[in-house]
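Contents: one structure, followed by commentary.
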Amino acid sequence: MSDIKIRAKSSNGVTTVKSLMSHVMETGLRKDKETGEPIPAHFIQEVTAKWKDQVVMTALWSGGVSKNPYLSFKFNGGEPGDAIEITWFDNQGNSETGTAEIS
């Protein structure tokens with residue numbers, strides 16, 4: 001099961017995509033309360049959305065995005081039953097991909 005929740009709805013030739021991604025999104029600026037040591041930066045750097053193997057949205061992020069980020073966007077095209085795929089890559093080499101059908 002993916003840690004990306006996706007809902008996509010098509011209306012009048014425009015698809016609206018809403019997603020919620022589970023991620024700690026650490027900036028690298030906070031310190032551990034017990035040890036006083038800095039907490040290493042760990043955040044999503046790139047998010048890509050595809051429809052029919054075509055990239056319809058790319059976002060480049062930094063450590064300034066909140067924990068468990070919410071992302072919403074629209075694109076021209078998409079019909080009910082088509083698949084939407086969202087993939088993120090973080091600064092520690094991790095990635096996650098989620099898919100959903102357009103309703």
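Labels used: A, B, ... for chains in the order of the structure tokens, numbers from 1 for residues in each chain, and numbers from 1 for ligands as shown.
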
- Item | Spatial neighbours of A:Leu71, 9 Å, only C-alpha atoms, chain gap at least 3 places, as number ranges by chain | A: 17-21

- Name the residues in contact with A:Trp88 at a cut-off of 7 Å, using only C-alpha atoms, excluding same-chain residues fewer than 5 positions from it; report them as number ranges by chain. A: 44, 46-48, 95-97

So that I have them on file, write out the residues from the current selection with C-alpha atoms, as an mmCIF file, in the first residue's frame.
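Result saved to part04.cif:
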```cif
data_model
loop_
_atom_site.group_PDB
_atom_site.id
_atom_site.type_symbol
_atom_site.label_atom_id
_atom_site.label_comp_id
_atom_site.auth_asym_id
_atom_site.auth_seq_id
_atom_site.Cartn_x
_atom_site.Cartn_y
_atom_site.Cartn_z
ATOM 1 C CA ILE A 44 10.701 15.556 -0.534
ATOM 2 C CA GLU A 46 10.583 16.389 -6.403
ATOM 3 C CA VAL A 47 7.006 15.357 -7.079
ATOM 4 C CA THR A 48 5.914 14.199 -10.530
ATOM 5 C CA SER A 95 10.852 7.415 -3.358
ATOM 6 C CA GLU A 96 7.187 6.478 -3.257
ATOM 7 C CA THR A 97 4.616 6.036 -6.016
#
```

- Task: Compile the contact shell of stretch 27-37 of chain A as JSON, numbers by chain: residues with an atom at most 12 Å away, counting only C-alpha atoms, same-chain residues fewer than 3 positions apart removed.
- Result: {"A": [23, 24, 40, 41, 42, 43, 44, 45, 61, 62, 63, 64, 65, 66, 67, 90, 91]}

Output file for the residues above (C-alpha atoms, as a PDB file, in the first residue's frame):
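Now in again.pdb:
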```pdb
ATOM      1  CA  HIS A  23       6.534  12.147   4.945  1.00  0.00           C
ATOM      2  CA  VAL A  24       8.408  13.637   7.936  1.00  0.00           C
ATOM      3  CA  PRO A  40      19.147  15.656   9.778  1.00  0.00           C
ATOM      4  CA  ALA A  41      17.308  17.170   6.823  1.00  0.00           C
ATOM      5  CA  HIS A  42      14.856  14.710   5.286  1.00  0.00           C
ATOM      6  CA  PHE A  43      12.361  16.162   2.823  1.00  0.00           C
ATOM      7  CA  ILE A  44      10.701  15.556  -0.534  1.00  0.00           C
ATOM      8  CA  GLN A  45      12.622  17.269  -3.332  1.00  0.00           C
ATOM      9  CA  TRP A  61      10.365  21.373  -3.134  1.00  0.00           C
ATOM     10  CA  SER A  62      12.747  22.209  -0.314  1.00  0.00           C
ATOM     11  CA  GLY A  63      12.681  21.797   3.446  1.00  0.00           C
ATOM     12  CA  GLY A  64      10.112  24.576   3.811  1.00  0.00           C
ATOM     13  CA  VAL A  65       7.125  22.289   3.089  1.00  0.00           C
ATOM     14  CA  SER A  66       5.096  20.991   6.035  1.00  0.00           C
ATOM     15  CA  LYS A  67       4.980  17.423   7.335  1.00  0.00           C
ATOM     16  CA  ASP A  90      13.409  12.806  -1.264  1.00  0.00           C
ATOM     17  CA  ASN A  91      16.881  14.100  -0.407  1.00  0.00           C
TER      18      ASN A  91
END
```

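Of the listed residues (A:Pro38, A:Asn94, A:Asp53, A:Thr16), A:Thr16 comes nearest to A:Phe73; the distances count only C-alpha atoms.
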
- Name all residues at most 8 Å from A:Gly81 (count only C-alpha atoms; drop same-chain ones fewer than 3 positions away) and give them as a PyMOL selection string. chain A and resi 101-103

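The space between atom CA of A:Asp3 and atom CA of A:Gly98 spans 7.3 Å.
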
- Message: Set the distance at 10 Å and use only C-alpha atoms: which residues neighbour A:Asn76 once local chain neighbours fewer than 2 positions away are removed? I'd like the list as a ChimeraX atom specification.
- Response: /A:10-16,56,74,78

Suppose we keep all heavy atoms; can you now write the selection as a PDB file, in the first residue's frame?
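That gives us out-v3.pdb:
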```pdb
ATOM      1  N   SER A  10     -12.594  14.242 -13.052  1.00  0.00           N
ATOM      2  CA  SER A  10     -12.625  14.936 -14.333  1.00  0.00           C
ATOM      3  C   SER A  10     -13.972  15.613 -14.525  1.00  0.00           C
ATOM      4  O   SER A  10     -15.010  15.047 -14.211  1.00  0.00           O
ATOM      5  CB  SER A  10     -12.372  13.940 -15.469  1.00  0.00           C
ATOM      6  OG  SER A  10     -12.407  14.605 -16.711  1.00  0.00           O
ATOM      7  N   SER A  11     -13.928  16.845 -15.029  1.00  0.00           N
ATOM      8  CA  SER A  11     -15.147  17.592 -15.321  1.00  0.00           C
ATOM      9  C   SER A  11     -14.871  18.561 -16.462  1.00  0.00           C
ATOM     10  O   SER A  11     -13.933  19.356 -16.390  1.00  0.00           O
ATOM     11  CB  SER A  11     -15.593  18.365 -14.069  1.00  0.00           C
ATOM     12  OG  SER A  11     -16.747  19.118 -14.339  1.00  0.00           O
ATOM     13  N   ASN A  12     -15.655  18.475 -17.512  1.00  0.00           N
ATOM     14  CA  ASN A  12     -15.542  19.377 -18.666  1.00  0.00           C
ATOM     15  C   ASN A  12     -14.128  19.437 -19.244  1.00  0.00           C
ATOM     16  O   ASN A  12     -13.628  20.503 -19.581  1.00  0.00           O
ATOM     17  CB  ASN A  12     -16.015  20.783 -18.299  1.00  0.00           C
ATOM     18  CG  ASN A  12     -17.461  20.814 -17.889  1.00  0.00           C
ATOM     19  OD1 ASN A  12     -18.293  20.113 -18.456  1.00  0.00           O
ATOM     20  ND2 ASN A  12     -17.784  21.607 -16.876  1.00  0.00           N
ATOM     21  N   GLY A  13     -13.456  18.278 -19.331  1.00  0.00           N
ATOM     22  CA  GLY A  13     -12.143  18.218 -19.950  1.00  0.00           C
ATOM     23  C   GLY A  13     -10.985  18.621 -19.061  1.00  0.00           C
ATOM     24  O   GLY A  13      -9.849  18.677 -19.507  1.00  0.00           O
ATOM     25  N   VAL A  14     -11.267  18.932 -17.791  1.00  0.00           N
ATOM     26  CA  VAL A  14     -10.212  19.306 -16.842  1.00  0.00           C
ATOM     27  C   VAL A  14     -10.252  18.327 -15.675  1.00  0.00           C
ATOM     28  O   VAL A  14     -11.313  18.045 -15.128  1.00  0.00           O
ATOM     29  CB  VAL A  14     -10.404  20.749 -16.329  1.00  0.00           C
ATOM     30  CG1 VAL A  14      -9.359  21.091 -15.276  1.00  0.00           C
ATOM     31  CG2 VAL A  14     -10.339  21.737 -17.479  1.00  0.00           C
ATOM     32  N   THR A  15      -9.087  17.794 -15.309  1.00  0.00           N
ATOM     33  CA  THR A  15      -8.991  16.878 -14.181  1.00  0.00           C
ATOM     34  C   THR A  15      -8.382  17.598 -12.988  1.00  0.00           C
ATOM     35  O   THR A  15      -7.349  18.256 -13.117  1.00  0.00           O
ATOM     36  CB  THR A  15      -8.137  15.647 -14.539  1.00  0.00           C
ATOM     37  OG1 THR A  15      -8.768  14.957 -15.622  1.00  0.00           O
ATOM     38  CG2 THR A  15      -7.997  14.703 -13.355  1.00  0.00           C
ATOM     39  N   THR A  16      -9.033  17.486 -11.847  1.00  0.00           N
ATOM     40  CA  THR A  16      -8.529  18.027 -10.585  1.00  0.00           C
ATOM     41  C   THR A  16      -7.979  16.869  -9.767  1.00  0.00           C
ATOM     42  O   THR A  16      -8.677  15.879  -9.543  1.00  0.00           O
ATOM     43  CB  THR A  16      -9.648  18.737  -9.801  1.00  0.00           C
ATOM     44  OG1 THR A  16     -10.180  19.794 -10.608  1.00  0.00           O
ATOM     45  CG2 THR A  16      -9.121  19.312  -8.491  1.00  0.00           C
ATOM     46  N   VAL A  56       2.269  15.512 -16.338  1.00  0.00           N
ATOM     47  CA  VAL A  56       1.322  16.633 -16.356  1.00  0.00           C
ATOM     48  C   VAL A  56       1.625  17.658 -15.269  1.00  0.00           C
ATOM     49  O   VAL A  56       1.063  18.752 -15.270  1.00  0.00           O
ATOM     50  CB  VAL A  56      -0.140  16.147 -16.244  1.00  0.00           C
ATOM     51  CG1 VAL A  56      -0.549  15.367 -17.481  1.00  0.00           C
ATOM     52  CG2 VAL A  56      -0.363  15.324 -14.978  1.00  0.00           C
ATOM     53  N   LYS A  74      -4.532  20.950 -11.263  1.00  0.00           N
ATOM     54  CA  LYS A  74      -5.446  20.629 -12.363  1.00  0.00           C
ATOM     55  C   LYS A  74      -4.649  20.498 -13.649  1.00  0.00           C
ATOM     56  O   LYS A  74      -3.595  21.112 -13.802  1.00  0.00           O
ATOM     57  CB  LYS A  74      -6.482  21.739 -12.538  1.00  0.00           C
ATOM     58  CG  LYS A  74      -7.409  21.905 -11.366  1.00  0.00           C
ATOM     59  CD  LYS A  74      -8.401  23.019 -11.608  1.00  0.00           C
ATOM     60  CE  LYS A  74      -9.325  23.137 -10.409  1.00  0.00           C
ATOM     61  NZ  LYS A  74     -10.415  24.074 -10.638  1.00  0.00           N
ATOM     62  N   GLY A  78      -7.840  13.882 -19.357  1.00  0.00           N
ATOM     63  CA  GLY A  78      -8.220  12.888 -18.362  1.00  0.00           C
ATOM     64  C   GLY A  78      -9.702  12.562 -18.443  1.00  0.00           C
ATOM     65  O   GLY A  78     -10.531  13.456 -18.603  1.00  0.00           O
TER      66      GLY A  78
END
```

- Message: Nearest residue to A:Glu26 out of A:Thr58, A:Ser72, A:Thr87, A:Gln92, using only C-alpha atoms?
- Response: A:Gln92
